[in-house]
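S.K.: Pasting a structure here, questions to come.
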2 protein chains.
Amino acid sequence: MPVKRITSSDVARAAGVSRATVSFVLNDKPGMRITEENRRRVLEAARDLDYRPHASARSLAAGRSDVVLLAIPDLPIGAGISRFVEELATALAAHGLTLVTHLAAAHGRPLPDVCAAVDASVVVGFSSFDQDTVQALHRAGADLVLPSETEGAAPMRHVGRLQAEHLISRGHRRLGYALPGHPAFRHMAGERLQGATDACASAGLEPPVTVTVHLEIASAAQAISAWREQAVTGVCAFNDETALAVLAGLHEHGLTVPGDMAVVGADDIPAARLAAPPLTTVCWDLHDVARHRAETIVTSLAGAGQAAHHTGVSADASTNPHVIQRSST
Amino acid sequence: MPVKRITSSDVARAAGVSRATVSFVLNDKPGMRITEENRRRVLEAARDLDYRPHASARSLAAGRSDVVLLAIPDLPIGAGISRFVEELATALAAHGLTLVTHLAAAHGRPLPDVCAAVDASVVVGFSSFDQDTVQALHRAGADLVLPSETEGAAPMRHVGRLQAEHLISRGHRRLGYALPGHPAFRHMAGERLQGATDACASAGLEPPVTVTVHLEIASAAQAISAWREQAVTGVCAFNDETALAVLAGLHEHGLTVPGDMAVVGADDIPAARLAAPPLTTVCWDLHDVARHRAETIVTSLAGAGQAAHHTGVSADASTNPHVIQRSST
DNA sequence: GACCTCCGATTACGCGCGTTAGCGAACAGG
DNA sequence: CCTGTTCGCTAACGCGCGTAATCGGAGGTC
């Protein structure tokens, strides 16, 4: 044990006050009158000693922690997700909360266990959790679990809608949809597909012809054949990687893009702009989404116990997915 | 507050024993004799109540926590890193440890703060931390900080060496190296480049012609021109994304791959096999690396206080980067 | 019967902190 | 001089848990 921990008693002794006073100053507890002189001495002592309250003791005493746990589902992590995480962490840090992430993919251990292990007071997921999981998380100490049932799906549908609308606006009347092979994407893919289907309905078109495309050239080539049989001229891909597979399939068939078939992806990964041809894609500003999520968390946490009770709908709809036009459409 | 927390007292009451006995059983403390009957009743009660020890209280009392904090540096998260994280989480979970990750990119908050906030007993980074940071982390409650100065760089060099050796074995005598544009990659890129340079030296060749390639077609096209002037016929790219950019640059120039120029990437991202042509790449088994890291952590933790003191060298060298031959070389 | 031993379980303490009740001092009003 | 009253601060409790110290009782020895 090379270094001994600095406790609040150390700070109190250094500042010549009681431990309670230290606590009051550092948490600037409202309604407590502290002499300016004493406040200054406490802050100074804390700074000099590089005092950092022991998280465990704090959350044990206060009954709540500053930790927000982000549960990332079992899906490939791309630039999109990591940017979302960064933005969320920044936004939460501005409110004194600390974001930690846990990848479900690993089967590392059950989410409630992790939640208990870090003593998280908030658990944030991508899509909503089922009722049993929510119960378990609450038993594991989480005050708040997001997103609630209603939110979270809307932006996904919006992405799908934009993809389809873009193709329709460019004259395509028979659309295809490339579903991802990875089973963990199924739920999200369903939402995005629904958005595309809605757009088709609004335009008086048939729903997209759905085909599952694995991230291999052979699988994509098969999909192309299926779409060609159905006279599909434009394909929405679940995400950019799936779109790259579709592109590879078209290349395999010796077809031109977008002449023979147009392709639109989603998420704008770095490889999208480097494809041949550069990939048109739909991306959404994760900065806004993350900041809004953070706000939801903070307000819900402030209105203690009002868990999962917030409007959110209109705000979520204000996130702004948009088309990045390149050469594949 | 919809659900009340289950405490060890609840379990004790349900099992008809004292709280201490519950603690002994659940941590199966060695040297403590417990009746088989009582042990059974405690385990049963804990299971029935879905008891989960309160992490904060536990670590406060025991003076150590089960949390391992992985500090991910400010660099784009790709499939490689996420797989590493998954493997590490799984391996640690097998030893009862919980992995949480924190992205430095966000400037969410200083690492020591985060370390204190989750009360981590181990902090794992990618490259070694400087001395001041290590000190700060120890003051923040970390018992162990990895990797130490010596380890971590070796596998990176190995990757670069394999790339170059592969190209050399296929007859290329004048090599190029594509450095990443993102500044955060600089350090890692330097290591990989060093490996490639070593391979060239071993084969009696000049060092690779280095050019920085941003993830845009124009930047890549410029790089191609530079390499062509120097009669380069084979290019090692820092990673697959950079390699895709090089491929796009070659396409822009109307050059053939690998006829006019061969390209080898690194990390084997999903998009690599979907490129035109499919990208030859070097990937290393993160499963092994992660498992070894986990072992280092566990043993160092067991030999309490023996922080950062372990062999590790030979084991690290046993990780097995290997070439995945596709059509770009 | 007095005494020790060993087993099995319990009681009691403290980890570092937030927080409430309460204390002395200073001061105002009666 | 006594009684409030406010201000500034502190003593003391408890959060849930690990664990050292302790204790009752069964079994053995002198």
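Each chain in the structure tokens gets a letter, A, B and so on, in the order shown; residues start at 1 in every chain, and ligands are counted from 1 in the order they appear.
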Which residues, written as a list in words, have at least one atom at most 12 Å from DT20 in chain C, with only C-alpha atoms (C1' of nucleotides) counted and residues fewer than 5 positions away on the same chain left out?
M.R.: Ala20 of chain A; DT10, DA11, DA12, DC13 and DG14 of chain D
S.K.: Set the cut-off to 9 Å and count only C-alpha atoms (C1' of nucleotides): what are the residues of chain C that reach chain B? Output as a list in words.
M.R.: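 Written out as asked, the residues are DC7, DG8, DA9, DT10, DG14, DC15 and DG16 of chain C.
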S.K.: Where does chain B end up after superposition onto chain A over all in-order Cα pairs? Give it as an mmCIF file with C-alpha atoms, in the first residue's frame.
M.R.:
data_model
loop_
_atom_site.group_PDB
_atom_site.id
_atom_site.type_symbol
_atom_site.label_atom_id
_atom_site.label_comp_id
_atom_site.auth_asym_id
_atom_site.auth_seq_id
_atom_site.Cartn_x
_atom_site.Cartn_y
_atom_site.Cartn_z
ATOM 1 C CA MET B 1 0.242 0.039 -0.219
ATOM 2 C CA PRO B 2 2.304 2.843 -1.662
ATOM 3 C CA VAL B 3 -0.148 5.710 -1.098
ATOM 4 C CA LYS B 4 -2.582 6.233 1.716
ATOM 5 C CA ARG B 5 -6.024 7.447 0.908
ATOM 6 C CA ILE B 6 -6.936 11.017 1.660
ATOM 7 C CA THR B 7 -10.091 11.157 3.762
ATOM 8 C CA SER B 8 -12.317 14.035 4.608
ATOM 9 C CA SER B 9 -10.784 14.021 8.089
ATOM 10 C CA ASP B 10 -7.446 14.858 6.545
ATOM 11 C CA VAL B 11 -8.990 17.818 4.811
ATOM 12 C CA ALA B 12 -10.717 18.904 7.998
ATOM 13 C CA ARG B 13 -7.477 18.781 9.950
ATOM 14 C CA ALA B 14 -5.602 20.673 7.257
ATOM 15 C CA ALA B 15 -8.278 23.351 7.127
ATOM 16 C CA GLY B 16 -8.604 23.583 10.881
ATOM 17 C CA VAL B 17 -12.312 22.833 10.937
ATOM 18 C CA SER B 18 -14.538 19.861 11.693
ATOM 19 C CA ARG B 19 -15.257 17.092 9.255
ATOM 20 C CA ALA B 20 -18.875 18.122 9.030
ATOM 21 C CA THR B 21 -17.931 21.568 7.851
ATOM 22 C CA VAL B 22 -15.819 20.004 5.125
ATOM 23 C CA SER B 23 -18.758 17.978 3.982
ATOM 24 C CA PHE B 24 -21.053 21.001 3.976
ATOM 25 C CA VAL B 25 -18.647 23.054 1.942
ATOM 26 C CA LEU B 26 -17.783 20.421 -0.633
ATOM 27 C CA ASN B 27 -21.420 19.556 -1.254
ATOM 28 C CA ASP B 28 -22.386 23.183 -0.834
ATOM 29 C CA LYS B 29 -25.378 22.156 1.111
ATOM 30 C CA PRO B 30 -28.141 24.725 0.861
ATOM 31 C CA GLY B 31 -29.333 26.395 4.038
ATOM 32 C CA MET B 32 -25.990 26.029 5.726
ATOM 33 C CA ARG B 33 -24.191 29.213 6.621
ATOM 34 C CA ILE B 34 -20.443 28.942 6.303
ATOM 35 C CA THR B 35 -18.021 31.777 6.784
ATOM 36 C CA GLU B 36 -16.359 32.858 3.593
ATOM 37 C CA GLU B 37 -13.057 32.429 5.366
ATOM 38 C CA ASN B 38 -13.731 28.819 6.313
ATOM 39 C CA ARG B 39 -15.139 27.945 2.933
ATOM 40 C CA ARG B 40 -11.983 29.195 1.302
ATOM 41 C CA ARG B 41 -9.734 27.241 3.642
ATOM 42 C CA VAL B 42 -11.637 24.017 3.071
ATOM 43 C CA LEU B 43 -11.594 24.322 -0.702
ATOM 44 C CA GLU B 44 -7.939 25.155 -0.626
ATOM 45 C CA ALA B 45 -7.054 22.222 1.586
ATOM 46 C CA ALA B 46 -9.087 19.851 -0.570
ATOM 47 C CA ARG B 47 -7.325 21.071 -3.665
ATOM 48 C CA ASP B 48 -3.888 20.873 -2.127
ATOM 49 C CA LEU B 49 -4.416 17.349 -0.894
ATOM 50 C CA ASP B 50 -6.110 16.265 -4.131
ATOM 51 C CA TYR B 51 -8.963 15.020 -2.005
ATOM 52 C CA ARG B 52 -11.484 12.759 -3.672
ATOM 53 C CA PRO B 53 -14.414 11.531 -1.619
ATOM 54 C CA HIS B 54 -14.544 7.784 -1.333
ATOM 55 C CA ALA B 55 -17.426 6.833 -3.595
ATOM 56 C CA SER B 56 -18.476 3.801 -1.609
ATOM 57 C CA ALA B 57 -18.651 5.627 1.668
ATOM 58 C CA ARG B 58 -20.475 8.489 0.076
ATOM 59 C CA SER B 59 -23.128 6.406 -1.565
ATOM 60 C CA LEU B 60 -23.480 4.260 1.509
ATOM 61 C CA ALA B 61 -24.132 7.276 3.662
ATOM 62 C CA ALA B 62 -26.197 9.251 1.217
ATOM 63 C CA GLY B 63 -28.124 6.322 -0.133
ATOM 64 C CA ARG B 64 -27.486 7.227 -3.731
ATOM 65 C CA SER B 65 -24.564 7.169 -6.103
ATOM 66 C CA ASP B 66 -23.420 9.263 -9.029
ATOM 67 C CA VAL B 67 -23.010 6.286 -11.291
ATOM 68 C CA VAL B 68 -25.083 5.830 -14.408
ATOM 69 C CA LEU B 69 -24.810 2.410 -15.978
ATOM 70 C CA LEU B 70 -25.271 2.122 -19.703
ATOM 71 C CA ALA B 71 -26.225 -1.382 -20.720
ATOM 72 C CA ILE B 72 -25.192 -1.957 -24.289
ATOM 73 C CA PRO B 73 -27.047 -4.825 -25.899
ATOM 74 C CA ASP B 74 -25.417 -7.708 -27.667
ATOM 75 C CA LEU B 75 -24.670 -6.053 -30.950
ATOM 76 C CA PRO B 76 -21.565 -5.026 -32.841
ATOM 77 C CA ILE B 77 -20.217 -1.767 -31.521
ATOM 78 C CA GLY B 78 -19.636 0.745 -34.238
ATOM 79 C CA ALA B 79 -18.688 4.348 -34.483
ATOM 80 C CA GLY B 80 -22.298 5.328 -33.956
ATOM 81 C CA ILE B 81 -22.680 3.728 -30.576
ATOM 82 C CA SER B 82 -19.318 4.867 -29.363
ATOM 83 C CA ARG B 83 -20.103 8.439 -30.265
ATOM 84 C CA PHE B 84 -23.395 8.163 -28.466
ATOM 85 C CA VAL B 85 -21.586 6.917 -25.407
ATOM 86 C CA GLU B 86 -19.103 9.752 -25.556
ATOM 87 C CA GLU B 87 -21.784 12.381 -25.843
ATOM 88 C CA LEU B 88 -23.815 10.866 -23.075
ATOM 89 C CA ALA B 89 -20.800 10.694 -20.799
ATOM 90 C CA THR B 90 -19.992 14.325 -21.456
ATOM 91 C CA ALA B 91 -23.539 15.504 -20.893
ATOM 92 C CA LEU B 92 -23.848 13.542 -17.671
ATOM 93 C CA ALA B 93 -20.487 14.707 -16.409
ATOM 94 C CA ALA B 94 -21.739 18.260 -16.681
ATOM 95 C CA HIS B 95 -24.232 17.311 -13.994
ATOM 96 C CA GLY B 96 -21.716 15.508 -11.835
ATOM 97 C CA LEU B 97 -22.755 12.060 -12.935
ATOM 98 C CA THR B 98 -20.363 9.385 -14.109
ATOM 99 C CA LEU B 99 -21.189 7.080 -16.967
ATOM 100 C CA VAL B 100 -19.912 3.558 -17.110
ATOM 101 C CA THR B 101 -20.804 1.067 -19.756
ATOM 102 C CA HIS B 102 -21.334 -2.637 -19.665
ATOM 103 C CA LEU B 103 -21.524 -4.880 -22.687
ATOM 104 C CA ALA B 104 -24.176 -7.507 -22.407
ATOM 105 C CA ALA B 105 -22.594 -9.404 -25.257
ATOM 106 C CA ALA B 106 -20.020 -11.029 -23.079
ATOM 107 C CA HIS B 107 -22.407 -12.823 -20.774
ATOM 108 C CA GLY B 108 -19.925 -11.367 -18.340
ATOM 109 C CA ARG B 109 -22.586 -11.500 -15.681
ATOM 110 C CA PRO B 110 -26.241 -10.701 -15.326
ATOM 111 C CA LEU B 111 -27.086 -7.036 -15.578
ATOM 112 C CA PRO B 112 -28.563 -6.766 -12.081
ATOM 113 C CA ASP B 113 -25.313 -8.113 -10.672
ATOM 114 C CA VAL B 114 -23.331 -5.501 -12.496
ATOM 115 C CA CYS B 115 -25.751 -2.857 -11.413
ATOM 116 C CA ALA B 116 -25.233 -3.866 -7.817
ATOM 117 C CA ALA B 117 -21.489 -4.164 -8.264
ATOM 118 C CA VAL B 118 -21.075 -0.569 -9.313
ATOM 119 C CA ASP B 119 -23.958 0.599 -7.158
ATOM 120 C CA ALA B 120 -25.540 2.418 -10.067
ATOM 121 C CA SER B 121 -28.504 4.610 -9.339
ATOM 122 C CA VAL B 122 -29.549 4.781 -12.960
ATOM 123 C CA VAL B 123 -29.548 2.107 -15.612
ATOM 124 C CA VAL B 124 -29.866 3.186 -19.210
ATOM 125 C CA GLY B 125 -30.519 0.810 -22.041
ATOM 126 C CA PHE B 126 -31.128 1.176 -25.734
ATOM 127 C CA SER B 127 -34.513 -0.410 -25.969
ATOM 128 C CA SER B 128 -36.780 -0.851 -23.000
ATOM 129 C CA PHE B 129 -36.289 -3.710 -20.558
ATOM 130 C CA ASP B 130 -38.952 -6.216 -19.755
ATOM 131 C CA GLN B 131 -40.838 -5.938 -16.516
ATOM 132 C CA ASP B 132 -38.956 -8.647 -14.661
ATOM 133 C CA THR B 133 -35.608 -7.107 -15.458
ATOM 134 C CA VAL B 134 -36.800 -3.717 -14.297
ATOM 135 C CA GLN B 135 -37.892 -5.251 -11.004
ATOM 136 C CA ALA B 136 -34.559 -6.986 -10.589
ATOM 137 C CA LEU B 137 -32.683 -3.795 -11.330
ATOM 138 C CA HIS B 138 -34.671 -1.913 -8.747
ATOM 139 C CA ARG B 139 -33.903 -4.564 -6.187
ATOM 140 C CA ALA B 140 -30.271 -4.243 -7.196
ATOM 141 C CA GLY B 141 -30.376 -0.627 -6.167
ATOM 142 C CA ALA B 142 -31.339 1.266 -9.293
ATOM 143 C CA ASP B 143 -33.648 4.185 -8.697
ATOM 144 C CA LEU B 144 -34.345 4.745 -12.341
ATOM 145 C CA VAL B 145 -34.417 2.598 -15.430
ATOM 146 C CA LEU B 146 -34.576 4.005 -18.939
ATOM 147 C CA PRO B 147 -35.811 4.114 -21.569
ATOM 148 C CA SER B 148 -39.409 3.540 -20.672
ATOM 149 C CA GLU B 149 -41.630 1.448 -22.890
ATOM 150 C CA THR B 150 -42.849 4.276 -25.042
ATOM 151 C CA GLU B 151 -39.673 6.024 -26.097
ATOM 152 C CA GLY B 152 -36.677 4.754 -28.017
ATOM 153 C CA ALA B 153 -38.382 3.359 -31.081
ATOM 154 C CA ALA B 154 -39.326 6.636 -32.756
ATOM 155 C CA PRO B 155 -35.880 7.711 -34.002
ATOM 156 C CA MET B 156 -35.289 4.292 -35.515
ATOM 157 C CA ARG B 157 -38.417 4.581 -37.640
ATOM 158 C CA HIS B 158 -37.405 8.053 -38.632
ATOM 159 C CA VAL B 159 -34.141 6.740 -40.050
ATOM 160 C CA GLY B 160 -35.915 4.149 -42.171
ATOM 161 C CA ARG B 161 -38.419 6.688 -43.386
ATOM 162 C CA LEU B 162 -35.714 9.094 -44.506
ATOM 163 C CA GLN B 163 -33.890 6.381 -46.423
ATOM 164 C CA ALA B 164 -36.990 5.424 -48.348
ATOM 165 C CA GLU B 165 -38.118 9.007 -48.932
ATOM 166 C CA HIS B 166 -34.705 9.846 -50.332
ATOM 167 C CA LEU B 167 -34.848 7.022 -52.850
ATOM 168 C CA ILE B 168 -38.444 7.824 -53.764
ATOM 169 C CA SER B 169 -37.569 11.473 -54.329
ATOM 170 C CA ARG B 170 -34.936 10.365 -56.775
ATOM 171 C CA GLY B 171 -37.468 8.499 -58.846
ATOM 172 C CA HIS B 172 -37.287 4.961 -57.523
ATOM 173 C CA ARG B 173 -40.680 3.268 -57.356
ATOM 174 C CA ARG B 174 -39.708 -0.257 -56.361
ATOM 175 C CA LEU B 175 -37.587 -0.462 -53.227
ATOM 176 C CA GLY B 176 -35.618 -3.183 -51.485
ATOM 177 C CA TYR B 177 -34.607 -3.404 -47.844
ATOM 178 C CA ALA B 178 -31.435 -5.161 -46.687
ATOM 179 C CA LEU B 179 -31.895 -6.714 -43.247
ATOM 180 C CA PRO B 180 -28.820 -7.485 -41.140
ATOM 181 C CA GLY B 181 -27.713 -11.035 -40.569
ATOM 182 C CA HIS B 182 -26.784 -10.574 -36.938
ATOM 183 C CA PRO B 183 -29.799 -11.698 -34.906
ATOM 184 C CA ALA B 184 -29.254 -9.076 -32.209
ATOM 185 C CA PHE B 185 -30.032 -6.370 -34.717
ATOM 186 C CA ARG B 186 -33.416 -7.840 -35.518
ATOM 187 C CA HIS B 187 -35.445 -5.629 -33.251
ATOM 188 C CA MET B 188 -33.810 -2.383 -34.327
ATOM 189 C CA ALA B 189 -33.969 -3.470 -37.940
ATOM 190 C CA GLY B 190 -37.659 -4.115 -37.612
ATOM 191 C CA GLU B 191 -38.217 -0.542 -36.472
ATOM 192 C CA ARG B 192 -36.165 0.947 -39.274
ATOM 193 C CA LEU B 193 -37.896 -1.255 -41.810
ATOM 194 C CA GLN B 194 -41.252 -0.117 -40.480
ATOM 195 C CA GLY B 195 -40.237 3.480 -41.125
ATOM 196 C CA ALA B 196 -39.307 2.643 -44.710
ATOM 197 C CA THR B 197 -42.560 0.782 -45.177
ATOM 198 C CA ASP B 198 -44.487 3.795 -43.889
ATOM 199 C CA ALA B 199 -42.737 6.046 -46.394
ATOM 200 C CA CYS B 200 -43.644 3.691 -49.229
ATOM 201 C CA ALA B 201 -47.244 3.629 -48.122
ATOM 202 C CA SER B 202 -47.358 7.427 -48.020
ATOM 203 C CA ALA B 203 -46.083 7.511 -51.585
ATOM 204 C CA GLY B 204 -48.557 4.894 -52.728
ATOM 205 C CA LEU B 205 -45.868 2.253 -53.235
ATOM 206 C CA GLU B 206 -45.634 -1.378 -52.260
ATOM 207 C CA PRO B 207 -43.606 -2.205 -49.139
ATOM 208 C CA PRO B 208 -39.872 -2.779 -49.733
ATOM 209 C CA VAL B 209 -38.709 -6.222 -50.793
ATOM 210 C CA THR B 210 -36.825 -7.447 -47.727
ATOM 211 C CA VAL B 211 -33.812 -9.704 -47.956
ATOM 212 C CA THR B 212 -31.375 -10.644 -45.216
ATOM 213 C CA VAL B 213 -27.815 -9.764 -46.173
ATOM 214 C CA HIS B 214 -24.915 -11.247 -44.258
ATOM 215 C CA LEU B 215 -21.593 -9.473 -44.285
ATOM 216 C CA GLU B 216 -20.182 -11.619 -47.066
ATOM 217 C CA ILE B 217 -20.008 -11.065 -50.786
ATOM 218 C CA ALA B 218 -21.786 -14.301 -51.640
ATOM 219 C CA SER B 219 -24.749 -13.489 -49.438
ATOM 220 C CA ALA B 220 -25.008 -10.019 -50.928
ATOM 221 C CA ALA B 221 -24.794 -11.362 -54.481
ATOM 222 C CA GLN B 222 -27.752 -13.641 -53.819
ATOM 223 C CA ALA B 223 -29.715 -10.709 -52.477
ATOM 224 C CA ILE B 224 -28.999 -8.690 -55.595
ATOM 225 C CA SER B 225 -30.399 -11.472 -57.747
ATOM 226 C CA ALA B 226 -33.573 -11.556 -55.690
ATOM 227 C CA TRP B 227 -34.042 -7.814 -55.981
ATOM 228 C CA ARG B 228 -33.368 -7.785 -59.714
ATOM 229 C CA GLU B 229 -36.055 -10.391 -60.200
ATOM 230 C CA GLN B 230 -38.495 -8.090 -58.449
ATOM 231 C CA ALA B 231 -37.408 -5.065 -60.514
ATOM 232 C CA VAL B 232 -36.017 -3.286 -57.467
ATOM 233 C CA THR B 233 -33.923 -0.234 -58.399
ATOM 234 C CA GLY B 234 -33.152 1.242 -54.981
ATOM 235 C CA VAL B 235 -32.125 -0.451 -51.735
ATOM 236 C CA CYS B 236 -32.251 0.795 -48.174
ATOM 237 C CA ALA B 237 -29.695 -0.988 -46.032
ATOM 238 C CA PHE B 238 -30.165 -1.447 -42.303
ATOM 239 C CA ASN B 239 -26.797 0.163 -41.673
ATOM 240 C CA ASP B 240 -23.632 1.165 -43.503
ATOM 241 C CA GLU B 241 -21.907 -2.168 -43.132
ATOM 242 C CA THR B 242 -24.839 -3.949 -44.666
ATOM 243 C CA ALA B 243 -24.833 -1.313 -47.391
ATOM 244 C CA LEU B 244 -21.165 -2.024 -48.079
ATOM 245 C CA ALA B 245 -22.036 -5.657 -48.488
ATOM 246 C CA VAL B 246 -24.744 -4.722 -50.984
ATOM 247 C CA LEU B 247 -22.224 -2.591 -52.847
ATOM 248 C CA ALA B 248 -19.831 -5.539 -52.951
ATOM 249 C CA GLY B 249 -22.618 -7.744 -54.272
ATOM 250 C CA LEU B 250 -23.384 -5.277 -57.042
ATOM 251 C CA HIS B 251 -19.699 -5.128 -57.912
ATOM 252 C CA GLU B 252 -19.654 -8.905 -58.059
ATOM 253 C CA HIS B 253 -22.570 -8.827 -60.511
ATOM 254 C CA GLY B 254 -20.792 -6.228 -62.633
ATOM 255 C CA LEU B 255 -23.601 -3.750 -62.081
ATOM 256 C CA THR B 256 -23.153 0.012 -61.812
ATOM 257 C CA VAL B 257 -24.121 2.179 -58.857
ATOM 258 C CA PRO B 258 -26.388 4.098 -58.847
ATOM 259 C CA GLY B 259 -27.187 3.443 -62.527
ATOM 260 C CA ASP B 260 -28.361 -0.131 -62.156
ATOM 261 C CA MET B 261 -29.202 0.089 -58.498
ATOM 262 C CA ALA B 262 -29.027 2.805 -55.852
ATOM 263 C CA VAL B 263 -28.006 2.095 -52.250
ATOM 264 C CA VAL B 264 -28.498 4.128 -49.106
ATOM 265 C CA GLY B 265 -26.956 3.187 -45.772
ATOM 266 C CA ALA B 266 -27.327 4.407 -42.214
ATOM 267 C CA ASP B 267 -25.025 5.652 -39.424
ATOM 268 C CA ASP B 268 -22.263 7.232 -41.542
ATOM 269 C CA ILE B 269 -19.335 5.092 -40.460
ATOM 270 C CA PRO B 270 -15.886 6.219 -41.629
ATOM 271 C CA ALA B 271 -15.723 3.523 -44.267
ATOM 272 C CA ALA B 272 -18.899 4.866 -45.908
ATOM 273 C CA ARG B 273 -17.189 7.810 -47.573
ATOM 274 C CA LEU B 274 -14.335 5.586 -48.697
ATOM 275 C CA ALA B 275 -16.473 3.083 -50.551
ATOM 276 C CA ALA B 276 -16.635 2.824 -54.328
ATOM 277 C CA PRO B 277 -18.796 4.729 -54.965
ATOM 278 C CA PRO B 278 -18.933 6.808 -51.764
ATOM 279 C CA LEU B 279 -22.045 5.786 -49.883
ATOM 280 C CA THR B 280 -25.106 7.961 -49.388
ATOM 281 C CA THR B 281 -26.227 7.454 -45.833
ATOM 282 C CA VAL B 282 -28.587 8.665 -43.141
ATOM 283 C CA CYS B 283 -26.989 9.838 -39.955
ATOM 284 C CA TRP B 284 -28.522 11.355 -36.879
ATOM 285 C CA ASP B 285 -26.964 13.777 -34.529
ATOM 286 C CA LEU B 286 -26.159 11.670 -31.529
ATOM 287 C CA HIS B 287 -25.063 14.772 -29.741
ATOM 288 C CA ASP B 288 -28.655 15.897 -29.439
ATOM 289 C CA VAL B 289 -29.982 12.486 -28.589
ATOM 290 C CA ALA B 290 -27.412 11.960 -25.898
ATOM 291 C CA ARG B 291 -27.919 15.393 -24.432
ATOM 292 C CA HIS B 292 -31.625 14.857 -24.279
ATOM 293 C CA ARG B 293 -31.196 11.498 -22.639
ATOM 294 C CA ALA B 294 -28.904 13.084 -20.102
ATOM 295 C CA GLU B 295 -31.478 15.749 -19.345
ATOM 296 C CA THR B 296 -34.150 13.135 -18.859
ATOM 297 C CA ILE B 297 -31.912 11.331 -16.436
ATOM 298 C CA VAL B 298 -31.001 14.419 -14.468
ATOM 299 C CA THR B 299 -34.509 15.739 -14.132
ATOM 300 C CA SER B 300 -35.932 12.352 -13.255
ATOM 301 C CA LEU B 301 -33.226 11.981 -10.667
ATOM 302 C CA ALA B 302 -33.870 15.412 -9.215
ATOM 303 C CA GLY B 303 -37.579 14.790 -8.880
ATOM 304 C CA ALA B 304 -36.612 11.868 -6.699
ATOM 305 C CA GLY B 305 -38.760 8.794 -6.930
ATOM 306 C CA GLN B 306 -40.643 10.076 -9.952
ATOM 307 C CA ALA B 307 -38.961 7.278 -11.860
ATOM 308 C CA ALA B 308 -39.728 6.795 -15.530
ATOM 309 C CA HIS B 309 -42.387 9.454 -15.503
ATOM 310 C CA HIS B 310 -41.708 12.182 -18.030
ATOM 311 C CA THR B 311 -42.979 13.508 -21.327
ATOM 312 C CA GLY B 312 -40.001 12.988 -23.578
ATOM 313 C CA VAL B 313 -42.053 12.275 -26.667
ATOM 314 C CA SER B 314 -41.882 15.644 -28.333
ATOM 315 C CA ALA B 315 -38.254 16.083 -27.387
ATOM 316 C CA ASP B 316 -37.303 12.734 -28.860
ATOM 317 C CA ALA B 317 -39.019 13.623 -32.080
ATOM 318 C CA SER B 318 -36.869 16.729 -32.292
ATOM 319 C CA THR B 319 -33.758 14.672 -32.949
ATOM 320 C CA ASN B 320 -32.706 15.244 -36.489
ATOM 321 C CA PRO B 321 -31.685 12.341 -38.666
ATOM 322 C CA HIS B 322 -30.697 13.607 -42.085
ATOM 323 C CA VAL B 323 -29.483 12.308 -45.403
ATOM 324 C CA ILE B 324 -25.842 12.699 -46.374
ATOM 325 C CA GLN B 325 -25.895 12.665 -50.152
ATOM 326 C CA ARG B 326 -22.895 11.046 -51.787
ATOM 327 C CA SER B 327 -22.578 9.047 -54.987
ATOM 328 C CA SER B 328 -24.391 5.771 -54.381
ATOM 329 C CA THR B 329 -27.847 7.265 -55.069
#
S.K.: Enumerate as number ranges by chain all residues of range 32-134 of chain A assigned to helix (DSSP H, G or I) by DSSP on the backbone, naming them with the chain letters and numbers the document uses.
M.R.: A: 36-49, 55-62, 79-93, 104-106, 111-118, 131-134
S.K.: Residues at most 12 Å from DC6 in chain C, counting only C-alpha atoms (C1' of nucleotides), excluding those fewer than 4 positions away in the same chain, as an mmCIF file with C-alpha atoms (C1' of nucleotides), in the first residue's frame?
M.R.:
data_model
loop_
_atom_site.group_PDB
_atom_site.id
_atom_site.type_symbol
_atom_site.label_atom_id
_atom_site.label_comp_id
_atom_site.auth_asym_id
_atom_site.auth_seq_id
_atom_site.Cartn_x
_atom_site.Cartn_y
_atom_site.Cartn_z
ATOM 1 C CA ARG B 33 -16.708 -24.251 9.834
ATOM 2 C "C1'" DG D 25 -21.884 -26.327 24.615
ATOM 3 C "C1'" DA D 26 -20.412 -30.961 23.549
ATOM 4 C "C1'" DG D 27 -16.806 -34.103 24.329
ATOM 5 C "C1'" DG D 28 -12.557 -35.540 26.359
#
S.K.: Could you give me, as CSV, a per-residue list for chain D showing, wherever an atom lies at most 9 Å from an atom of chain A, the closest pair of atoms and their distance in Å to one decimal, using only C-alpha atoms (C1' of nucleotides) and sorting by chain then residue number from low to high?
M.R.:
residue,atom,partner,partner_atom,distance
D:DC7,C1',A:Arg33,CA,7.6
D:DG8,C1',A:Ile34,CA,6.6
D:DC9,C1',A:Thr21,CA,7.4
D:DT10,C1',A:Ser18,CA,6.4
D:DG14,C1',A:Ala61,CA,8.0
D:DC15,C1',A:Ala61,CA,4.8
D:DG16,C1',A:Leu60,CA,7.6
S.K.: Measure the distance from C1' of DC13 in chain C to C1' of DC17 in chain D in Å and round it to one decimal.
M.R.: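 Rounded to one decimal, the two atoms are 11.9 Å apart.
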